[in-house]
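Below is the file final07.cif, which contains mmCIF, C-alpha atoms.
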data_protein
#
loop_
_atom_site.label_atom_id
_atom_site.label_comp_id
_atom_site.auth_asym_id
_atom_site.auth_seq_id
_atom_site.Cartn_x
_atom_site.Cartn_y
_atom_site.Cartn_z
CA MET A 13 -5.46 11.82 15.53
CA SER A 14 -6.76 10.58 12.22
CA LEU A 15 -3.37 10.00 10.66
CA SER A 16 -2.17 7.65 13.37
CA SER A 17 -5.34 5.61 12.92
CA VAL A 18 -4.41 5.35 9.23
CA LEU A 19 -1.31 3.53 10.48
CA ASN A 20 -3.51 1.19 12.53
CA ILE A 21 -5.85 0.58 9.59
CA ALA A 22 -3.02 -0.20 7.19
CA GLY A 23 -1.47 -2.43 9.86
CA SER A 24 -4.71 -4.38 10.25
CA GLY A 25 -4.85 -4.82 6.48
CA MET A 26 -1.28 -6.12 6.41
CA ALA A 27 -1.99 -8.53 9.27
CA ALA A 28 -5.14 -9.84 7.56
CA GLN A 29 -3.37 -10.33 4.23
CA SER A 30 -0.45 -12.14 5.85
CA ILE A 31 -2.92 -14.53 7.52
CA ARG A 32 -4.45 -15.10 4.08
CA LEU A 33 -0.99 -15.75 2.65
CA ASN A 34 -0.36 -18.13 5.56
CA THR A 35 -3.46 -20.21 4.77
CA THR A 36 -2.51 -20.24 1.08
CA ALA A 37 0.96 -21.53 1.95
CA SER A 38 -0.58 -24.19 4.17
CA ASN A 39 -3.02 -25.23 1.42
CA ILE A 40 -0.32 -25.52 -1.25
CA ALA A 41 2.04 -27.37 1.09
CA ASN A 42 -0.70 -29.89 1.92
CA ALA A 43 -2.12 -30.21 -1.59
CA GLU A 44 -0.88 -33.79 -1.84
CA SER A 45 -1.30 -34.89 1.78
CA ALA A 46 -3.06 -38.16 1.23
CA SER A 47 -5.04 -40.00 3.86
CA SER A 48 -7.03 -43.18 4.13
CA SER A 49 -10.23 -41.76 5.62
CA VAL A 50 -12.51 -38.85 4.69
CA ASP A 51 -12.44 -37.36 8.20
CA GLU A 52 -8.67 -37.17 8.52
CA THR A 53 -7.98 -35.59 5.15
CA TYR A 54 -6.76 -32.02 5.04
CA ARG A 55 -9.28 -29.51 3.67
CA ALA A 56 -8.46 -26.18 2.02
CA ARG A 57 -8.60 -23.33 4.53
CA LYS A 58 -9.73 -19.77 3.86
CA PRO A 59 -9.71 -16.75 6.18
CA TRP A 60 -13.00 -14.90 6.63
CA PHE A 61 -12.55 -11.11 6.59
CA SER A 62 -14.93 -8.56 8.09
CA VAL A 63 -14.88 -4.84 8.80
CA MET A 64 -13.47 -3.88 12.18
CA GLU A 65 -15.95 -1.44 13.70
CA LYS A 66 -14.85 1.31 16.01
CA GLU A 67 -16.07 0.90 19.54
CA MET A 68 -19.12 3.02 20.08
CA MET A 69 -18.03 5.56 22.61
CA ALA A 70 -19.88 8.68 23.64
CA PRO A 71 -20.19 10.60 20.39
CA SER A 72 -17.58 13.30 20.22
CA ARG A 73 -18.55 16.59 18.66
CA ASP A 74 -16.60 19.37 17.05
CA SER A 75 -16.90 23.05 17.85
CA ASN A 76 -20.03 23.46 15.70
CA GLY A 77 -21.85 20.73 17.57
CA MET A 78 -21.64 18.37 14.62
CA MET A 79 -21.05 14.75 15.45
CA MET A 80 -17.60 13.63 14.47
CA VAL A 81 -17.53 11.17 11.60
CA ASP A 82 -15.06 8.96 13.46
CA GLU A 83 -17.85 6.78 14.84
CA ALA A 84 -19.40 6.25 11.43
CA MET A 85 -16.54 4.50 9.71
CA GLY A 86 -14.68 1.30 10.23
CA ALA A 87 -11.25 0.96 11.75
CA GLY A 88 -9.66 -1.54 9.42
CA VAL A 89 -10.16 -5.19 8.68
CA LYS A 90 -10.15 -8.21 10.95
CA VAL A 91 -10.07 -11.97 10.43
CA ASP A 92 -13.24 -13.46 11.90
CA GLY A 93 -11.95 -16.98 11.57
CA ILE A 94 -10.58 -19.63 9.27
CA ILE A 95 -13.14 -21.73 7.44
CA GLU A 96 -12.56 -25.05 5.72
CA LYS A 97 -13.85 -25.44 2.20
CA ASP A 98 -16.63 -28.01 1.85
CA ALA A 99 -15.79 -28.96 -1.74
CA PRO A 100 -15.68 -32.76 -2.20
CA LEU A 101 -12.37 -34.51 -1.60
CA GLN A 102 -10.63 -36.31 -4.40
CA ALA A 103 -10.87 -40.07 -3.99
CA ARG A 104 -8.33 -41.92 -6.11
CA PHE A 105 -8.19 -45.66 -6.63
CA GLN A 106 -4.61 -46.54 -5.70
CA PRO A 107 -4.51 -50.02 -4.16
CA ASP A 108 -0.70 -49.98 -4.02
CA HIS A 109 -0.56 -46.76 -2.00
CA PRO A 110 0.54 -47.33 1.62
CA MET A 111 -2.36 -45.13 2.85
CA ALA A 112 -5.00 -46.96 0.80
CA ASN A 113 -8.08 -48.12 2.74
CA ASP A 114 -9.69 -51.57 2.50
CA ASP A 115 -11.40 -50.69 -0.79
CA GLY A 116 -8.12 -49.45 -2.29
CA TYR A 117 -9.01 -45.75 -2.19
CA VAL A 118 -6.80 -42.87 -1.09
CA TYR A 119 -8.30 -39.46 -0.28
CA TYR A 120 -6.56 -36.27 -1.39
CA PRO A 121 -7.36 -32.75 -0.11
CA ASN A 122 -9.85 -30.50 -1.94
CA VAL A 123 -7.10 -27.95 -2.60
CA ASN A 124 -7.28 -26.31 -6.02
CA VAL A 125 -3.67 -25.31 -6.65
CA VAL A 126 -4.53 -22.88 -9.47
CA GLU A 127 -7.03 -21.11 -7.22
CA GLU A 128 -4.43 -20.95 -4.46
CA MET A 129 -1.86 -19.37 -6.78
CA THR A 130 -4.26 -16.61 -7.83
CA ASP A 131 -5.19 -16.10 -4.20
CA MET A 132 -1.51 -15.77 -3.36
CA MET A 133 -1.01 -13.10 -6.03
CA SER A 134 -4.11 -11.23 -4.89
CA SER A 135 -3.06 -11.22 -1.24
CA SER A 136 0.49 -10.15 -2.00
CA ARG A 137 -0.82 -7.23 -4.12
CA SER A 138 -3.22 -6.22 -1.35
CA TYR A 139 -0.39 -6.40 1.17
CA GLN A 140 1.74 -4.13 -1.03
CA MET A 141 -1.16 -1.69 -1.31
CA ASN A 142 -1.41 -1.47 2.47
CA VAL A 143 2.33 -0.95 2.76
CA GLU A 144 2.08 1.97 0.31
CA VAL A 145 -0.73 3.50 2.36
CA LEU A 146 1.38 3.10 5.49
CA LYS A 147 4.38 4.71 3.80
CA THR A 148 2.34 7.70 2.59
CA ALA A 149 0.69 8.20 5.97
CA LYS A 150 4.08 8.07 7.66
CA GLN A 151 5.43 10.74 5.31
CA MET A 152 2.39 12.92 5.97
CA LEU A 153 2.83 12.57 9.74
CA GLN A 154 6.54 13.34 9.57
CA ARG A 155 5.82 16.37 7.45
CA THR A 156 3.31 17.61 10.04
CA LEU A 157 5.98 17.44 12.70
CA THR A 158 8.01 20.04 10.80
CA LEU A 159 5.19 22.60 10.94
CA GLY A 160 6.50 26.07 11.76
CA GLN A 161 10.16 25.15 11.40
CA MET B 28 -8.71 43.09 16.11
CA GLY B 29 -5.34 43.92 17.43
CA ALA B 30 -3.00 41.20 18.54
CA ILE B 31 -2.32 38.20 16.38
CA ASN B 32 -5.22 35.80 16.64
CA PHE B 33 -4.52 32.24 15.63
CA SER B 34 -8.00 31.37 14.37
CA ASN B 35 -8.08 34.50 12.21
CA ALA B 36 -4.54 34.18 11.01
CA LEU B 37 -4.73 30.54 9.97
CA GLY B 38 -7.93 30.91 7.97
CA ILE B 39 -9.43 27.71 6.64
CA HIS B 40 -6.16 25.85 6.43
CA ASP B 41 -6.13 24.21 9.85
CA ASP B 42 -9.65 22.84 9.30
CA ALA B 43 -8.65 21.74 5.81
CA LEU B 44 -5.66 19.85 7.18
CA GLN B 45 -7.92 17.99 9.62
CA LEU B 46 -10.34 17.14 6.83
CA ARG B 47 -7.54 15.78 4.66
CA SER B 48 -6.23 13.57 7.43
CA ARG B 49 -9.74 12.28 8.14
CA ARG B 50 -10.27 11.54 4.48
CA ALA B 51 -6.95 9.65 4.48
CA GLU B 52 -8.44 7.48 7.22
CA VAL B 53 -11.60 6.75 5.22
CA LEU B 54 -9.63 5.87 2.09
CA ALA B 55 -7.15 3.74 4.04
CA ASN B 56 -10.11 1.87 5.48
CA ASN B 57 -11.45 1.25 1.97
CA LEU B 58 -8.08 -0.11 0.86
CA ALA B 59 -7.68 -2.30 3.94
CA ASN B 60 -11.11 -3.83 3.22
CA ALA B 61 -10.42 -4.40 -0.49
CA ASP B 62 -10.94 -8.16 0.02
CA THR B 63 -13.72 -8.07 2.64
CA PRO B 64 -16.93 -9.63 1.31
CA GLY B 65 -19.87 -7.23 1.27
CA PHE B 66 -17.82 -4.15 2.15
CA LYS B 67 -19.02 -0.91 0.55
CA ALA B 68 -16.40 1.75 -0.25
CA ARG B 69 -17.08 5.13 1.34
CA ASP B 70 -15.89 8.67 0.85
CA PHE B 71 -16.72 12.24 1.72
CA ASP B 72 -19.10 14.07 -0.58
CA PHE B 73 -17.41 17.45 -0.86
CA LYS B 74 -20.04 18.90 -3.16
CA SER B 75 -22.95 18.42 -0.75
CA ILE B 76 -20.90 19.57 2.24
CA LEU B 77 -19.87 22.69 0.34
CA ALA B 78 -23.46 23.38 -0.69
CA GLU B 79 -24.59 22.95 2.91
CA GLU B 80 -21.91 25.30 4.18
CA ALA B 81 -22.69 27.84 1.47
CA SER B 82 -26.37 27.85 2.40
CA LYS B 83 -25.35 28.27 6.03
CA GLN B 84 -23.20 31.25 5.08
CA SER B 85 -25.92 32.91 3.04
CA SER B 86 -28.41 32.63 5.88
CA SER B 87 -25.91 33.91 8.40
CA GLY B 88 -27.50 35.11 11.60
CA LEU B 89 -30.00 32.28 11.48
CA SER B 90 -27.54 29.60 12.55
CA MET B 91 -27.93 28.45 16.10
CA THR B 92 -25.13 28.38 18.61
CA THR B 93 -24.64 25.24 20.62
CA THR B 94 -24.19 25.71 24.33
CA HIS B 95 -24.58 22.11 25.42
CA GLU B 96 -22.87 19.00 24.15
CA GLY B 97 -26.26 17.38 23.51
CA HIS B 98 -27.26 20.09 21.03
CA MET B 99 -27.22 19.13 17.38
CA ALA B 100 -26.63 21.42 14.46
CA ILE B 101 -29.52 21.96 12.04
CA GLY B 102 -29.45 19.96 8.86
CA THR B 103 -27.37 17.05 10.03
CA SER B 104 -29.25 13.81 9.85
CA GLY B 105 -26.83 11.74 11.88
CA ALA B 106 -23.28 10.79 12.52
CA ASP B 107 -22.50 9.60 9.03
CA SER B 108 -24.31 12.26 7.03
CA GLU B 109 -21.03 13.37 5.49
CA LEU B 110 -19.88 9.90 4.50
CA LYS B 111 -21.42 8.57 1.31
CA TYR B 112 -21.07 5.28 -0.53
CA ARG B 113 -19.06 5.22 -3.71
CA PHE B 114 -20.64 4.32 -7.06
CA GLN B 115 -19.65 0.86 -8.16
CA THR B 116 -17.74 0.64 -11.42
CA GLN B 117 -17.55 -3.13 -11.73
CA PRO B 118 -19.84 -5.58 -9.99
CA SER B 119 -18.14 -8.27 -7.92
CA ILE B 120 -19.50 -11.62 -6.86
CA ASP B 121 -18.90 -11.06 -3.13
CA GLY B 122 -20.67 -7.67 -2.98
CA ASN B 123 -17.47 -5.71 -2.37
CA THR B 124 -17.46 -2.29 -4.09
CA VAL B 125 -13.82 -1.33 -3.51
CA ASP B 126 -11.97 -0.49 -6.71
CA ALA B 127 -8.36 -0.59 -5.53
CA GLN B 128 -7.07 1.60 -8.37
CA THR B 129 -9.64 4.33 -7.78
CA GLU B 130 -9.01 4.29 -4.06
CA GLN B 131 -5.25 4.41 -4.54
CA ALA B 132 -5.55 7.36 -6.92
CA GLU B 133 -7.84 9.18 -4.48
CA PHE B 134 -5.45 8.44 -1.63
CA ALA B 135 -2.52 9.83 -3.63
CA ARG B 136 -4.53 12.92 -4.55
CA ASN B 137 -5.56 13.37 -0.95
CA SER B 138 -1.98 13.19 0.32
CA LEU B 139 -0.99 15.74 -2.32
CA ASP B 140 -3.81 18.00 -1.13
CA TYR B 141 -2.63 17.43 2.41
CA ASN B 142 0.86 18.57 1.49
CA ALA B 143 -0.52 21.64 -0.30
CA THR B 144 -2.63 22.58 2.71
CA PHE B 145 0.39 21.99 4.91
CA GLU B 146 2.44 24.42 2.80
CA PHE B 147 -0.26 27.08 3.14
CA LEU B 148 -0.37 26.57 6.90
CA ASN B 149 3.40 26.62 7.14
CA GLY B 150 3.43 29.85 5.16
CA LYS B 151 0.98 31.40 7.60
CA PHE B 152 3.23 30.46 10.51
CA LYS B 153 6.30 31.81 8.72
CA GLY B 154 4.47 35.06 8.05
CA MET B 155 3.45 35.40 11.66
CA ARG B 156 6.98 34.71 12.84
CA ASN B 157 8.32 37.36 10.49
CA ALA B 158 5.72 39.79 11.83
CA ILE B 159 6.79 39.06 15.43
CA ARG B 160 10.50 39.49 14.65
CA GLY B 161 9.86 42.61 12.65
CA GLU B 162 12.44 41.67 10.05
#
Would you mind giving the structure from this file in structure tokens?
Amino acid sequence: MSLSSVLNIAGSGMAAQSIRLNTTASNIANAESASSSVDETYRARKPWFSVMEKEMMAPSRDSNGMMMVDEAMGAGVKVDGIIEKDAPLQARFQPDHPMANDDGYVYYPNVNVVEEMTDMMSSSRSYQMNVEVLKTAKQMLQRTLTLGQ
Amino acid sequence: MGAINFSNALGIHDDALQLRSRRAEVLANNLANADTPGFKARDFDFKSILAEEASKQSSSGLSMTTTHEGHMAIGTSGADSELKYRFQTQPSIDGNTVDAQTEQAEFARNSLDYNATFEFLNGKFKGMRNAIRGE
């Protein structure tokens, strides 16, 4: 059934976007998490999206012997992993800071708050888009159930 | 001829309904991958499929029947011959060609087409039921 896989596809999109929103929330929350060493400092995290491919099964064919297109297209989106941004950390000279190291420096995360805000808007819009797709597909499926009534 | 035959009575509408639902899947996949780097938006190319079918119709009698699941129809170059890549309207830095607005509009149009096809199919069933009842 193609329409029920629309539900799966929209669901995968919603899951991916909520993971993206999750990383954004984490980045903004930790934007000021100072630390005294480069290694321990929080770094901005980003999800890495990729196309979820359908498993290659034995190709199914329709009555005319044509291969079904199902195998040719993706089945939604998946999160391959979370990557940390390698932008340089901000080192601030704050000798009075309790976390300051021997040279008087404190390291702040490489989180760009403006970038995170735009990312948040983008992911919330994409999430809404997937919800709309889900809603429409649900209506289409429910309509199909009334066939012949 | 004679008794009511489903495949004759329903005409093209049952195939059309399947096509619409499959297109909904393709478009939903485009929308789900709106933020995937390097993803290329895809869609059916109705024009070329129609032309192919029309040429098949005009040369009727020459089409081959398939008697084994390994047989392939003439003129199909592979599994994804029907799925084409959409023209890009705005270039993006990550190589993604999904235009969310276009895809959303196409999805809405497709669901409208689906409902229209559904009405046709429903009408066929209603007609058949009336014929059976003899009202």
Using the chain letters and numbers from the file, give me the residues hit by the PyMOL selection byres ((chain B and resi 147-151) around 8), as a ChimeraX atom specification. /A:159-160 /B:36-37,40-41,143-146,152-155
Check which residues satisfy the PyMOL selection byres ((chain A and resi 100) around 10) in the file shown, then give them as a PDB file with C-alpha atoms, keeping the file's coordinate frame.
ATOM      1  CA  VAL A  50     -12.510 -38.850   4.690  1.00  0.00           C
ATOM      2  CA  ARG A  55      -9.280 -29.510   3.670  1.00  0.00           C
ATOM      3  CA  LYS A  97     -13.850 -25.440   2.200  1.00  0.00           C
ATOM      4  CA  ASP A  98     -16.630 -28.010   1.850  1.00  0.00           C
ATOM      5  CA  ALA A  99     -15.790 -28.960  -1.740  1.00  0.00           C
ATOM      6  CA  LEU A 101     -12.370 -34.510  -1.600  1.00  0.00           C
ATOM      7  CA  GLN A 102     -10.630 -36.310  -4.400  1.00  0.00           C
ATOM      8  CA  ALA A 103     -10.870 -40.070  -3.990  1.00  0.00           C
ATOM      9  CA  TYR A 120      -6.560 -36.270  -1.390  1.00  0.00           C
ATOM     10  CA  PRO A 121      -7.360 -32.750  -0.110  1.00  0.00           C
ATOM     11  CA  ASN A 122      -9.850 -30.500  -1.940  1.00  0.00           C
ATOM     12  CA  VAL A 123      -7.100 -27.950  -2.600  1.00  0.00           C
TER      13      VAL A 123
END
With the PyMOL selection byres ((chain B) within 9 of (chain A)) as the selection, what would be picked from this file? Answer as an MDAnalysis selection string, please. chainID B and resid 45 48:66 69 92:100 103 105:110 127 131 134:135 138 141:142 145:146 148:153 156
What separation in Å, quoted to one decimal, exists between atom CA of A:Glu96 and atom CA of A:Val125? 15.2 Å
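Between atom CA of B:Thr116 and atom CA of A:Asp131 there is a distance of 22.1 Å.
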Would you mind writing stretch 26-45 of chain A with N, CA and C atoms, as a compact mmCIF listing (two decimals), keeping the file's coordinate frame?
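Done, and the output landed in out.txt:
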# COMPACT_ATOMS: atom_id res chain seq x y z
N MET A 26 -2.47 -5.30 6.63
CA MET A 26 -1.28 -6.12 6.41
C MET A 26 -1.37 -7.42 7.21
N ALA A 27 -1.86 -7.32 8.44
CA ALA A 27 -1.99 -8.53 9.27
C ALA A 27 -2.97 -9.51 8.64
N ALA A 28 -4.12 -8.97 8.15
CA ALA A 28 -5.14 -9.84 7.56
C ALA A 28 -4.60 -10.52 6.30
N GLN A 29 -3.89 -9.75 5.47
CA GLN A 29 -3.37 -10.33 4.23
C GLN A 29 -2.29 -11.35 4.50
N SER A 30 -1.50 -11.15 5.57
CA SER A 30 -0.45 -12.14 5.85
C SER A 30 -1.08 -13.42 6.40
N ILE A 31 -2.22 -13.31 7.09
CA ILE A 31 -2.92 -14.53 7.52
C ILE A 31 -3.45 -15.27 6.30
N ARG A 32 -3.95 -14.48 5.32
CA ARG A 32 -4.45 -15.10 4.08
C ARG A 32 -3.32 -15.82 3.34
N LEU A 33 -2.15 -15.16 3.31
CA LEU A 33 -0.99 -15.75 2.65
C LEU A 33 -0.56 -17.02 3.39
N ASN A 34 -0.70 -16.98 4.72
CA ASN A 34 -0.36 -18.13 5.56
C ASN A 34 -1.25 -19.33 5.23
N THR A 35 -2.56 -19.10 5.10
CA THR A 35 -3.46 -20.21 4.77
C THR A 35 -3.16 -20.74 3.37
N THR A 36 -2.84 -19.81 2.44
CA THR A 36 -2.51 -20.24 1.08
C THR A 36 -1.28 -21.14 1.09
N ALA A 37 -0.26 -20.73 1.85
CA ALA A 37 0.96 -21.53 1.95
C ALA A 37 0.64 -22.90 2.52
N SER A 38 -0.20 -22.92 3.55
CA SER A 38 -0.58 -24.19 4.17
C SER A 38 -1.34 -25.08 3.18
N ASN A 39 -2.24 -24.46 2.40
CA ASN A 39 -3.02 -25.23 1.42
C ASN A 39 -2.13 -25.83 0.34
N ILE A 40 -1.19 -25.02 -0.18
CA ILE A 40 -0.32 -25.52 -1.25
C ILE A 40 0.60 -26.60 -0.72
N ALA A 41 1.13 -26.39 0.50
CA ALA A 41 2.04 -27.37 1.09
C ALA A 41 1.34 -28.71 1.31
N ASN A 42 0.03 -28.66 1.62
CA ASN A 42 -0.70 -29.89 1.92
C ASN A 42 -1.55 -30.38 0.76
N ALA A 43 -1.27 -29.86 -0.44
CA ALA A 43 -2.12 -30.21 -1.59
C ALA A 43 -2.09 -31.70 -1.90
N GLU A 44 -1.00 -32.36 -1.52
CA GLU A 44 -0.88 -33.79 -1.84
C GLU A 44 -0.83 -34.65 -0.57
N SER A 45 -1.32 -34.11 0.54
CA SER A 45 -1.30 -34.89 1.78
C SER A 45 -2.42 -35.93 1.75
